[in-house]
file work-v8.cif (mmCIF, C-alpha atoms; chains and numbers go by the auth columns)
data_final
loop_
_atom_site.group_PDB
_atom_site.id
_atom_site.type_symbol
_atom_site.label_atom_id
_atom_site.label_comp_id
_atom_site.label_asym_id
_atom_site.label_seq_id
_atom_site.Cartn_x
_atom_site.Cartn_y
_atom_site.Cartn_z
_atom_site.B_iso_or_equiv
_atom_site.auth_seq_id
_atom_site.auth_asym_id
ATOM 1 C CA MET A 1 0.000 0.000 0.000 0.00 270 A
ATOM 2 C CA ARG A 2 1.303 3.393 -0.900 0.00 271 A
ATOM 3 C CA ALA A 3 2.267 5.918 1.792 0.00 272 A
ATOM 4 C CA PRO A 4 -0.344 8.551 0.828 0.00 273 A
ATOM 5 C CA GLN A 5 -3.130 6.007 1.160 0.00 274 A
ATOM 6 C CA VAL A 6 -1.875 4.872 4.574 0.00 275 A
ATOM 7 C CA GLY A 7 -1.753 8.449 5.798 0.00 276 A
ATOM 8 C CA PHE A 8 -5.274 9.117 4.540 0.00 277 A
ATOM 9 C CA LEU A 9 -6.627 6.072 6.377 0.00 278 A
ATOM 10 C CA LEU A 10 -4.910 7.116 9.630 0.00 279 A
ATOM 11 C CA LEU A 11 -6.354 10.600 9.354 0.00 280 A
ATOM 12 C CA LEU A 12 -9.847 9.231 8.683 0.00 281 A
ATOM 13 C CA SER A 13 -9.713 6.895 11.721 0.00 282 A
ATOM 14 C CA ALA A 14 -8.599 9.756 13.964 0.00 283 A
ATOM 15 C CA CYS A 15 -11.521 11.951 12.839 0.00 284 A
ATOM 16 C CA LEU A 16 -13.997 9.169 13.442 0.00 285 A
ATOM 17 C CA SER A 17 -12.632 8.562 16.950 0.00 286 A
ATOM 18 C CA LEU A 18 -13.003 12.263 17.796 0.00 287 A
ATOM 19 C CA LEU A 19 -16.592 12.326 16.525 0.00 288 A
ATOM 20 C CA LEU A 20 -17.673 9.191 18.364 0.00 289 A
ATOM 21 C CA ALA A 21 -15.974 9.911 21.713 0.00 290 A
ATOM 22 C CA PRO A 22 -18.491 12.607 23.006 0.00 291 A
ATOM 23 C CA ALA A 23 -21.476 10.493 22.020 0.00 292 A
ATOM 24 C CA SER A 24 -20.208 7.454 23.887 0.00 293 A
ATOM 25 C CA SER A 25 -19.459 9.505 26.987 0.00 294 A
ATOM 26 C CA ALA A 26 -22.935 11.072 26.879 0.00 295 A
ATOM 27 C CA VAL A 27 -24.505 7.658 26.596 0.00 296 A
ATOM 28 C CA SER A 28 -22.492 6.400 29.514 0.00 297 A
ATOM 29 C CA TYR A 29 -23.577 9.386 31.625 0.00 298 A
ATOM 30 C CA GLY A 30 -27.224 8.742 30.736 0.00 299 A
ATOM 31 C CA VAL A 31 -26.988 5.146 31.924 0.00 300 A
ATOM 32 C CA GLN A 32 -25.346 6.069 35.205 0.00 301 A
ATOM 33 C CA ARG A 33 -28.028 8.716 36.146 0.00 302 A
ATOM 34 C CA PRO A 34 -30.481 7.277 38.723 0.00 303 A
ATOM 35 C CA LEU A 35 -33.970 6.631 37.426 0.00 304 A
ATOM 36 C CA GLY A 36 -36.624 9.134 38.621 0.00 305 A
ATOM 37 C CA ALA A 37 -34.120 11.612 40.035 0.00 306 A
ATOM 38 C CA GLY A 38 -35.591 15.076 40.609 0.00 307 A
ATOM 39 C CA VAL A 39 -39.261 13.902 40.774 0.00 308 A
ATOM 40 C CA GLU A 40 -40.970 14.791 44.098 0.00 309 A
ATOM 41 C CA GLU A 41 -43.322 12.302 45.771 0.00 310 A
ATOM 42 C CA ASN A 42 -47.010 13.305 45.843 0.00 311 A
ATOM 43 C CA LYS A 43 -48.255 13.806 49.395 0.00 312 A
ATOM 44 C CA PRO A 44 -51.826 13.295 50.607 0.00 313 A
ATOM 45 C CA PRO A 45 -54.004 16.251 51.673 0.00 314 A
ATOM 46 C CA GLU A 46 -53.880 17.521 55.235 0.00 315 A
ATOM 47 C CA ILE A 47 -57.044 17.688 57.366 0.00 316 A
ATOM 48 C CA LYS A 48 -56.381 20.587 59.715 0.00 317 A
ATOM 49 C CA SER A 49 -59.626 20.819 61.706 0.00 318 A
ATOM 50 C CA VAL A 50 -63.141 19.373 61.951 0.00 319 A
ATOM 51 C CA ALA A 51 -66.004 21.061 63.827 0.00 320 A
ATOM 52 C CA PHE A 52 -69.745 20.334 63.876 0.00 321 A
ATOM 53 C CA VAL A 53 -72.140 23.147 64.775 0.00 322 A
ATOM 54 C CA ARG A 54 -75.337 21.071 64.597 0.00 323 A
ATOM 55 C CA TRP A 55 -75.364 17.608 66.171 0.00 324 A
ATOM 56 C CA PRO A 56 -78.978 16.339 66.292 0.00 325 A
ATOM 57 C CA GLU A 57 -80.557 13.574 68.328 0.00 326 A
ATOM 58 C CA LEU A 58 -83.687 12.890 66.259 0.00 327 A
ATOM 59 C CA VAL A 59 -83.958 11.304 62.819 0.00 328 A
ATOM 60 C CA GLY A 60 -84.942 13.913 60.235 0.00 329 A
ATOM 61 C CA GLU A 61 -82.828 16.776 61.565 0.00 330 A
ATOM 62 C CA LEU A 62 -79.718 18.282 59.940 0.00 331 A
ATOM 63 C CA VAL A 63 -76.057 17.619 60.708 0.00 332 A
ATOM 64 C CA VAL A 64 -73.874 20.652 59.909 0.00 333 A
ATOM 65 C CA GLY A 65 -70.086 20.700 60.110 0.00 334 A
ATOM 66 C CA TYR A 66 -66.992 22.485 58.757 0.00 335 A
ATOM 67 C CA VAL A 67 -63.714 20.920 57.618 0.00 336 A
ATOM 68 C CA ASN A 68 -60.424 22.691 56.893 0.00 337 A
ATOM 69 C CA ALA A 69 -58.256 20.679 54.476 0.00 338 A
ATOM 70 C CA SER A 70 -55.525 21.561 51.952 0.00 339 A
ATOM 71 C CA ASP A 71 -53.022 19.844 49.642 0.00 340 A
ATOM 72 C CA PRO A 72 -49.236 20.307 50.201 0.00 341 A
ATOM 73 C CA GLU A 73 -48.672 20.614 46.420 0.00 342 A
ATOM 74 C CA GLY A 74 -51.479 23.147 46.050 0.00 343 A
ATOM 75 C CA GLU A 75 -53.805 20.790 44.166 0.00 344 A
ATOM 76 C CA GLU A 76 -57.574 20.917 44.515 0.00 345 A
ATOM 77 C CA VAL A 77 -59.003 18.915 47.374 0.00 346 A
ATOM 78 C CA SER A 78 -62.377 17.173 47.627 0.00 347 A
ATOM 79 C CA VAL A 79 -63.880 16.505 51.066 0.00 348 A
ATOM 80 C CA MET A 80 -66.508 13.949 52.019 0.00 349 A
ATOM 81 C CA GLY A 81 -68.213 13.044 55.294 0.00 350 A
ATOM 82 C CA VAL A 82 -68.987 9.343 55.752 0.00 351 A
ATOM 83 C CA PHE A 83 -71.596 8.258 58.315 0.00 352 A
ATOM 84 C CA LEU A 84 -71.397 4.533 59.186 0.00 353 A
ATOM 85 C CA LEU A 85 -74.168 2.815 61.161 0.00 354 A
ATOM 86 C CA GLN A 86 -72.694 0.758 64.011 0.00 355 A
ATOM 87 C CA GLY A 87 -73.853 -1.913 66.453 0.00 356 A
ATOM 88 C CA GLU A 88 -76.877 -4.178 66.360 0.00 357 A
ATOM 89 C CA TRP A 89 -78.854 -1.832 64.116 0.00 358 A
ATOM 90 C CA ALA A 90 -76.305 -2.392 61.318 0.00 359 A
ATOM 91 C CA GLU A 91 -76.691 -6.181 61.211 0.00 360 A
ATOM 92 C CA GLY A 92 -78.335 -7.290 57.974 0.00 361 A
ATOM 93 C CA VAL A 93 -78.940 -3.706 56.809 0.00 362 A
ATOM 94 C CA PRO A 94 -78.198 -2.940 53.102 0.00 363 A
ATOM 95 C CA SER A 95 -75.180 -0.734 52.476 0.00 364 A
ATOM 96 C CA GLU A 96 -77.262 2.119 51.041 0.00 365 A
ATOM 97 C CA GLN A 97 -79.083 2.374 54.398 0.00 366 A
ATOM 98 C CA ARG A 98 -76.012 1.717 56.521 0.00 367 A
ATOM 99 C CA ILE A 99 -73.503 4.089 54.830 0.00 368 A
ATOM 100 C CA HIS A 100 -74.244 7.716 53.957 0.00 369 A
ATOM 101 C CA ASN A 101 -71.658 9.702 51.952 0.00 370 A
ATOM 102 C CA ILE A 102 -72.071 13.475 52.132 0.00 371 A
ATOM 103 C CA THR A 103 -69.937 15.638 49.796 0.00 372 A
ATOM 104 C CA GLY A 104 -68.438 18.776 51.300 0.00 373 A
ATOM 105 C CA VAL A 105 -69.058 22.107 49.558 0.00 374 A
ATOM 106 C CA PRO A 106 -66.345 24.827 49.528 0.00 375 A
ATOM 107 C CA ASP A 107 -67.204 27.692 51.865 0.00 376 A
ATOM 108 C CA PRO A 108 -64.907 30.607 50.901 0.00 377 A
ATOM 109 C CA GLU A 109 -66.560 32.901 53.433 0.00 378 A
ATOM 110 C CA ARG A 110 -64.943 30.863 56.206 0.00 379 A
ATOM 111 C CA GLY A 111 -61.591 30.507 54.455 0.00 380 A
ATOM 112 C CA PRO A 112 -59.966 29.225 51.238 0.00 381 A
ATOM 113 C CA ASP A 113 -59.541 25.706 52.655 0.00 382 A
ATOM 114 C CA CYS A 114 -62.945 25.412 54.359 0.00 383 A
ATOM 115 C CA PHE A 115 -65.628 22.920 53.316 0.00 384 A
ATOM 116 C CA LYS A 116 -69.194 22.743 54.645 0.00 385 A
ATOM 117 C CA ILE A 117 -70.897 19.387 55.242 0.00 386 A
ATOM 118 C CA VAL A 118 -74.703 19.311 55.547 0.00 387 A
ATOM 119 C CA ALA A 119 -76.387 15.922 56.093 0.00 388 A
ATOM 120 C CA ASN A 120 -80.162 15.579 56.104 0.00 389 A
ATOM 121 C CA THR A 121 -80.957 12.545 58.271 0.00 390 A
ATOM 122 C CA SER A 122 -84.500 12.098 56.932 0.00 391 A
ATOM 123 C CA GLY A 123 -84.976 8.424 56.123 0.00 392 A
ATOM 124 C CA TRP A 124 -81.946 7.302 58.143 0.00 393 A
ATOM 125 C CA LEU A 125 -82.208 4.407 60.547 0.00 394 A
ATOM 126 C CA PRO A 126 -81.920 5.152 64.263 0.00 395 A
ATOM 127 C CA GLY A 127 -78.741 4.096 66.004 0.00 396 A
ATOM 128 C CA ALA A 128 -75.091 5.075 66.509 0.00 397 A
ATOM 129 C CA TYR A 129 -73.157 6.409 63.502 0.00 398 A
ATOM 130 C CA LYS A 130 -69.370 6.644 63.274 0.00 399 A
ATOM 131 C CA VAL A 131 -68.297 9.803 61.440 0.00 400 A
ATOM 132 C CA VAL A 132 -65.224 9.748 59.175 0.00 401 A
ATOM 133 C CA ILE A 133 -63.917 12.710 57.150 0.00 402 A
ATOM 134 C CA VAL A 134 -62.085 11.887 53.883 0.00 403 A
ATOM 135 C CA ALA A 135 -59.942 14.412 51.961 0.00 404 A
ATOM 136 C CA LYS A 136 -58.685 13.433 48.469 0.00 405 A
ATOM 137 C CA ASP A 137 -56.513 15.079 45.782 0.00 406 A
ATOM 138 C CA PRO A 138 -56.810 14.637 41.972 0.00 407 A
ATOM 139 C CA LEU A 139 -54.028 11.998 41.938 0.00 408 A
ATOM 140 C CA GLY A 140 -55.876 9.706 44.325 0.00 409 A
ATOM 141 C CA GLN A 141 -53.945 10.432 47.515 0.00 410 A
ATOM 142 C CA LYS A 142 -56.294 10.716 50.490 0.00 411 A
ATOM 143 C CA SER A 143 -56.349 11.309 54.221 0.00 412 A
ATOM 144 C CA THR A 144 -58.984 10.218 56.753 0.00 413 A
ATOM 145 C CA TYR A 145 -60.030 11.654 60.097 0.00 414 A
ATOM 146 C CA GLU A 146 -62.339 9.830 62.518 0.00 415 A
ATOM 147 C CA TYR A 147 -64.446 12.197 64.601 0.00 416 A
ATOM 148 C CA GLU A 148 -64.229 11.612 68.346 0.00 417 A
ATOM 149 C CA ARG A 149 -68.017 11.471 68.883 0.00 418 A
ATOM 150 C CA GLU A 150 -70.640 9.122 67.488 0.00 419 A
ATOM 151 C CA LEU A 151 -73.893 10.466 66.106 0.00 420 A
ATOM 152 C CA MET A 152 -76.736 8.984 68.190 0.00 421 A
ATOM 153 C CA LEU A 153 -80.083 9.191 66.390 0.00 422 A
ATOM 154 C CA ARG A 154 -83.462 8.122 67.737 0.00 423 A
ATOM 155 C CA MET A 155 -86.986 8.070 66.347 0.00 424 A
ATOM 156 C CA GLU A 156 -89.744 10.328 67.668 0.00 425 A
ATOM 157 C CA PHE A 157 -93.287 8.983 67.301 0.00 426 A
ATOM 158 C CA VAL A 158 -95.689 11.656 66.052 0.00 427 A
ATOM 159 C CA PRO A 159 -99.355 10.556 66.102 0.00 428 A
ATOM 160 C CA PRO A 160 -101.475 11.390 63.052 0.00 429 A
ATOM 161 C CA PRO A 161 -104.078 14.183 63.230 0.00 430 A
ATOM 162 C CA GLU A 162 -106.929 11.643 63.371 0.00 431 A
ATOM 163 C CA ALA A 163 -105.461 10.162 66.545 0.00 432 A
ATOM 164 C CA LYS A 164 -105.414 13.599 68.165 0.00 433 A
ATOM 165 C CA ARG A 165 -109.081 14.139 67.354 0.00 434 A
ATOM 166 C CA TRP A 166 -110.035 10.750 68.801 0.00 435 A
ATOM 167 C CA ALA A 167 -107.982 11.474 71.898 0.00 436 A
ATOM 168 C CA LEU A 168 -109.784 14.791 72.437 0.00 437 A
ATOM 169 C CA ALA A 169 -113.177 13.125 71.952 0.00 438 A
ATOM 170 C CA GLY A 170 -112.296 10.423 74.461 0.00 439 A
ATOM 171 C CA LEU A 171 -111.100 13.033 76.931 0.00 440 A
ATOM 172 C CA GLY A 172 -114.442 14.858 76.607 0.00 441 A
ATOM 173 C CA VAL A 173 -116.437 11.670 77.253 0.00 442 A
ATOM 174 C CA LEU A 174 -114.279 10.853 80.266 0.00 443 A
ATOM 175 C CA THR A 175 -114.844 14.357 81.664 0.00 444 A
ATOM 176 C CA CYS A 176 -118.615 13.977 81.320 0.00 445 A
ATOM 177 C CA LEU A 177 -118.523 10.626 83.132 0.00 446 A
ATOM 178 C CA LEU A 178 -116.493 12.107 85.969 0.00 447 A
ATOM 179 C CA ILE A 179 -118.999 14.969 86.342 0.00 448 A
ATOM 180 C CA VAL A 180 -121.959 12.548 86.458 0.00 449 A
ATOM 181 C CA MET A 181 -120.205 10.409 89.052 0.00 450 A
ATOM 182 C CA ALA A 182 -119.387 13.455 91.171 0.00 451 A
ATOM 183 C CA VAL A 183 -123.016 14.626 91.117 0.00 452 A
ATOM 184 C CA GLY A 184 -124.216 11.146 92.129 0.00 453 A
ATOM 185 C CA VAL A 185 -121.765 10.985 95.030 0.00 454 A
ATOM 186 C CA ILE A 186 -122.862 14.420 96.283 0.00 455 A
ATOM 187 C CA LYS A 187 -126.567 13.430 96.198 0.00 456 A
ATOM 188 C CA ALA A 188 -125.820 10.196 98.035 0.00 457 A
ATOM 189 C CA VAL A 189 -123.925 12.021 100.775 0.00 458 A
ATOM 190 C CA LYS A 190 -126.747 14.558 101.242 0.00 459 A
ATOM 191 C CA ALA A 191 -129.382 11.813 101.428 0.00 460 A
ATOM 192 C CA LYS A 192 -127.397 9.953 104.081 0.00 461 A
ATOM 193 C CA ALA A 193 -126.927 13.071 106.193 0.00 462 A
ATOM 194 C CA ARG A 194 -130.700 13.935 106.168 0.00 463 A
ATOM 195 C CA PRO A 195 -132.547 12.644 109.383 0.00 464 A
ATOM 196 C CA ARG A 196 -135.107 9.860 108.934 0.00 465 A
ATOM 197 C CA THR A 197 -138.551 11.099 110.115 0.00 466 A
ATOM 198 C CA ARG A 198 -140.789 8.793 108.112 0.00 467 A
ATOM 199 C CA GLY A 199 -142.997 6.563 110.441 0.00 468 A
ATOM 200 C CA LEU A 200 -142.315 8.593 113.612 0.00 469 A
ATOM 201 C CA VAL A 201 -145.110 10.483 115.539 0.00 470 A
ATOM 202 C CA LEU A 202 -143.743 13.794 116.708 0.00 471 A
ATOM 203 C CA PRO A 203 -145.454 15.719 119.565 0.00 472 A
ATOM 204 C CA PRO A 204 -147.113 19.011 118.667 0.00 473 A
ATOM 205 C CA PRO A 205 -145.122 22.132 119.153 0.00 474 A
ATOM 206 C CA GLY A 206 -144.988 23.351 122.757 0.00 475 A
ATOM 207 C CA VAL A 207 -145.674 19.929 124.271 0.00 476 A
ATOM 208 C CA PRO A 208 -142.696 18.450 126.058 0.00 477 A
ATOM 209 C CA SER A 209 -141.629 15.052 124.957 0.00 478 A
ATOM 210 C CA PRO A 210 -142.237 12.186 127.373 0.00 479 A
ATOM 211 C CA LEU A 211 -139.338 11.005 129.379 0.00 480 A
ATOM 212 C CA PRO A 212 -137.761 7.786 128.266 0.00 481 A
ATOM 213 C CA PRO A 213 -138.578 4.743 130.387 0.00 482 A
ATOM 214 C CA GLU A 214 -136.198 3.980 133.185 0.00 483 A
ATOM 215 C CA LEU A 215 -134.040 1.021 132.820 0.00 484 A
ATOM 216 C CA TYR A 216 -133.838 -1.421 135.687 0.00 485 A
#
call {"tool": "encode", "arguments": {"input": "work-v8.cif", "output": "structure tokens"}}
result
Amino acid sequence: MRAPQVGFLLLLSACLSLLLAPASSAVSYGVQRPLGAGVEENKPPEIKSVAFVRWPELVGELVVGYVNASDPEGEEVSVMGVFLLQGEWAEGVPSEQRIHNITGVPDPERGPDCFKIVANTSGWLPGAYKVVIVAKDPLGQKSTYEYERELMLRMEFVPPPEAKRWALAGLGVLTCLLIVMAVGVIKAVKAKARPRTRGLVLPPPGVPSPLPPELY
């Protein structure tokens, strides 16, 4: 092989080595970089406070509460109140009657992170309910808070209007009977207190009564 050709080949190999060296080093650096470096872990929302201003005792009344919750990354937060029926009343009860999920509504008047929970207990079963607050972010991270008190609901029996009318009518009849009995008792007492003069011969006025016979 001639000398000019050998020199040309050496020069070509040197250029190729210079061109390929940065690429290989970059590839090696890319392999050595840890996977997922620089990506922050998503944190669940924080439930800061829970307060209920209406805590009823009768079925049909409203439960009203306020929840303060926010997300560390600044994402939107959804809040829900879960009421779970506990104890013997919950045995054999369908889930739709045993669990009541109430969505919280943002209440900006009380603060940017405040949510209002309003639960209408009409149609709920009586018993003890455990109250759990759930805060969730758009990525699925959630936090839960179990309220320290149980909601104790009881039924109040309200008679129909017809029953009230019958009760008033019965009370009137009973009053009339009591009046009749009282009048009869008064007449009987007066008749007993009156002296019995029938069959007795009384002396005329001004004539002294004979002395009773002496007893020997």
call {"tool": "atom_distance", "arguments": {"input": "work-v8.cif", "atom1": "atom CA of A:Glu344", "atom2": "atom CA of A:Thr372"}}
result
17.8 Å
call {"tool": "resolve_selection", "arguments": {"input": "work-v8.cif", "expression": "the PyMOL selection byres ((chain A and resi 402) around 10)", "output": "list of chain:residue names"}}
result
A:Ile316, A:Val319, A:Val336, A:Val348, A:Met349, A:Gly350, A:Val351, A:Phe352, A:Asn370, A:Ile371, A:Thr372, A:Gly373, A:Ile386, A:Val400, A:Val401, A:Val403, A:Ala404, A:Ser412, A:Thr413, A:Tyr414, A:Glu415, A:Tyr416
call {"tool": "atom_distance", "arguments": {"input": "work-v8.cif", "atom1": "atom CA of A:Gly396", "atom2": "atom CA of A:Arg323"}}
result
17.4 Å
call {"tool": "resolve_selection", "arguments": {"input": "work-v8.cif", "expression": "the PyMOL selection byres ((chain A and resi 422) around 10)", "output": "list in words"}}
result
Trp324, Pro325, Glu326, Leu327, Val328, Gly329, Glu330, Thr390, Trp393, Leu394, Pro395, Gly396, Ala397, Tyr398, Glu419, Leu420, Met421, Arg423, Met424 and Glu425 of chain A
call {"tool": "atom_distance", "arguments": {"input": "work-v8.cif", "atom1": "atom CA of A:Ser347", "atom2": "atom CA of A:Ile368"}}
result
18.6 Å
call {"tool": "closest_residue", "arguments": {"input": "work-v8.cif", "among": "A:Arg418, A:Arg367, A:Lys411, A:Lys405", "to": "A:Phe321", "atoms": "all atoms listed in the file"}}
result
A:Arg418
call {"tool": "resolve_selection", "arguments": {"input": "work-v8.cif", "expression": "the PyMOL selection byres ((chain A and resi 333) around 9)", "output": "MDAnalysis selection string"}}
result
chainID A and resid 320:324 331:332 334:335 385:389
call {"tool": "build_atoms", "arguments": {"input": "work-v8.cif", "residues": "stretch 313-335 of chain A", "atoms": "N, CA, C and O atoms", "output": "compact mmCIF listing (two decimals), in the frame of the given file"}}
result
# COMPACT_ATOMS: atom_id res chain seq x y z
N PRO A 313 -50.37 13.22 50.45
CA PRO A 313 -51.83 13.30 50.61
C PRO A 313 -52.25 14.63 51.21
O PRO A 313 -51.44 15.35 51.82
N PRO A 314 -53.52 15.00 51.07
CA PRO A 314 -54.00 16.25 51.67
C PRO A 314 -53.91 16.21 53.20
O PRO A 314 -53.83 15.14 53.81
N GLU A 315 -53.94 17.38 53.78
CA GLU A 315 -53.88 17.52 55.24
C GLU A 315 -55.23 18.02 55.75
O GLU A 315 -55.74 19.04 55.29
N ILE A 316 -55.81 17.28 56.70
CA ILE A 316 -57.04 17.69 57.37
C ILE A 316 -56.65 18.44 58.63
O ILE A 316 -56.15 17.85 59.59
N LYS A 317 -56.88 19.74 58.62
CA LYS A 317 -56.38 20.59 59.72
C LYS A 317 -57.35 20.64 60.89
O LYS A 317 -56.93 20.63 62.05
N SER A 318 -58.65 20.72 60.62
CA SER A 318 -59.63 20.82 61.71
C SER A 318 -60.99 20.33 61.24
O SER A 318 -61.31 20.42 60.05
N VAL A 319 -61.77 19.84 62.20
CA VAL A 319 -63.14 19.37 61.95
C VAL A 319 -64.00 19.87 63.11
O VAL A 319 -63.67 19.65 64.28
N ALA A 320 -65.10 20.55 62.79
CA ALA A 320 -66.00 21.06 63.83
C ALA A 320 -67.44 20.96 63.34
O ALA A 320 -67.74 21.33 62.19
N PHE A 321 -68.32 20.44 64.19
CA PHE A 321 -69.74 20.33 63.88
C PHE A 321 -70.51 21.34 64.74
O PHE A 321 -70.33 21.39 65.96
N VAL A 322 -71.36 22.12 64.08
CA VAL A 322 -72.14 23.15 64.78
C VAL A 322 -73.57 22.69 65.03
O VAL A 322 -74.27 23.30 65.84
N ARG A 323 -74.02 21.65 64.35
CA ARG A 323 -75.34 21.07 64.60
C ARG A 323 -75.17 19.56 64.71
O ARG A 323 -74.69 18.90 63.78
N TRP A 324 -75.55 19.03 65.86
CA TRP A 324 -75.36 17.61 66.17
C TRP A 324 -76.69 17.08 66.72
O TRP A 324 -76.92 17.07 67.92
N PRO A 325 -77.61 16.65 65.85
CA PRO A 325 -78.98 16.34 66.29
C PRO A 325 -79.06 15.03 67.05
O PRO A 325 -78.12 14.22 67.08
N GLU A 326 -80.25 14.81 67.63
CA GLU A 326 -80.56 13.57 68.33
C GLU A 326 -81.73 12.82 67.70
O GLU A 326 -81.92 11.64 68.00
N LEU A 327 -82.50 13.50 66.86
CA LEU A 327 -83.69 12.89 66.26
C LEU A 327 -83.48 12.67 64.77
O LEU A 327 -82.84 13.50 64.09
N VAL A 328 -83.99 11.58 64.26
CA VAL A 328 -83.96 11.30 62.82
C VAL A 328 -84.80 12.35 62.09
O VAL A 328 -85.92 12.67 62.50
N GLY A 329 -84.25 12.89 61.01
CA GLY A 329 -84.94 13.91 60.24
C GLY A 329 -84.34 15.30 60.39
O GLY A 329 -84.67 16.19 59.61
N GLU A 330 -83.47 15.48 61.36
CA GLU A 330 -82.83 16.78 61.56
C GLU A 330 -81.52 16.85 60.80
O GLU A 330 -81.02 15.84 60.26
N LEU A 331 -80.93 18.04 60.73
CA LEU A 331 -79.72 18.28 59.94
C LEU A 331 -78.46 18.16 60.79
O LEU A 331 -78.43 18.58 61.95
N VAL A 332 -77.41 17.59 60.15
CA VAL A 332 -76.06 17.62 60.71
C VAL A 332 -75.26 18.64 59.90
O VAL A 332 -75.20 18.55 58.68
N VAL A 333 -74.63 19.60 60.58
CA VAL A 333 -73.87 20.65 59.91
C VAL A 333 -72.48 20.71 60.51
O VAL A 333 -72.33 20.79 61.74
N GLY A 334 -71.47 20.65 59.65
CA GLY A 334 -70.09 20.70 60.11
C GLY A 334 -69.19 21.41 59.12
O GLY A 334 -69.56 21.63 57.95
N TYR A 335 -67.98 21.79 59.58
CA TYR A 335 -66.99 22.48 58.76
C TYR A 335 -65.65 21.76 58.86
O TYR A 335 -65.25 21.35 59.95
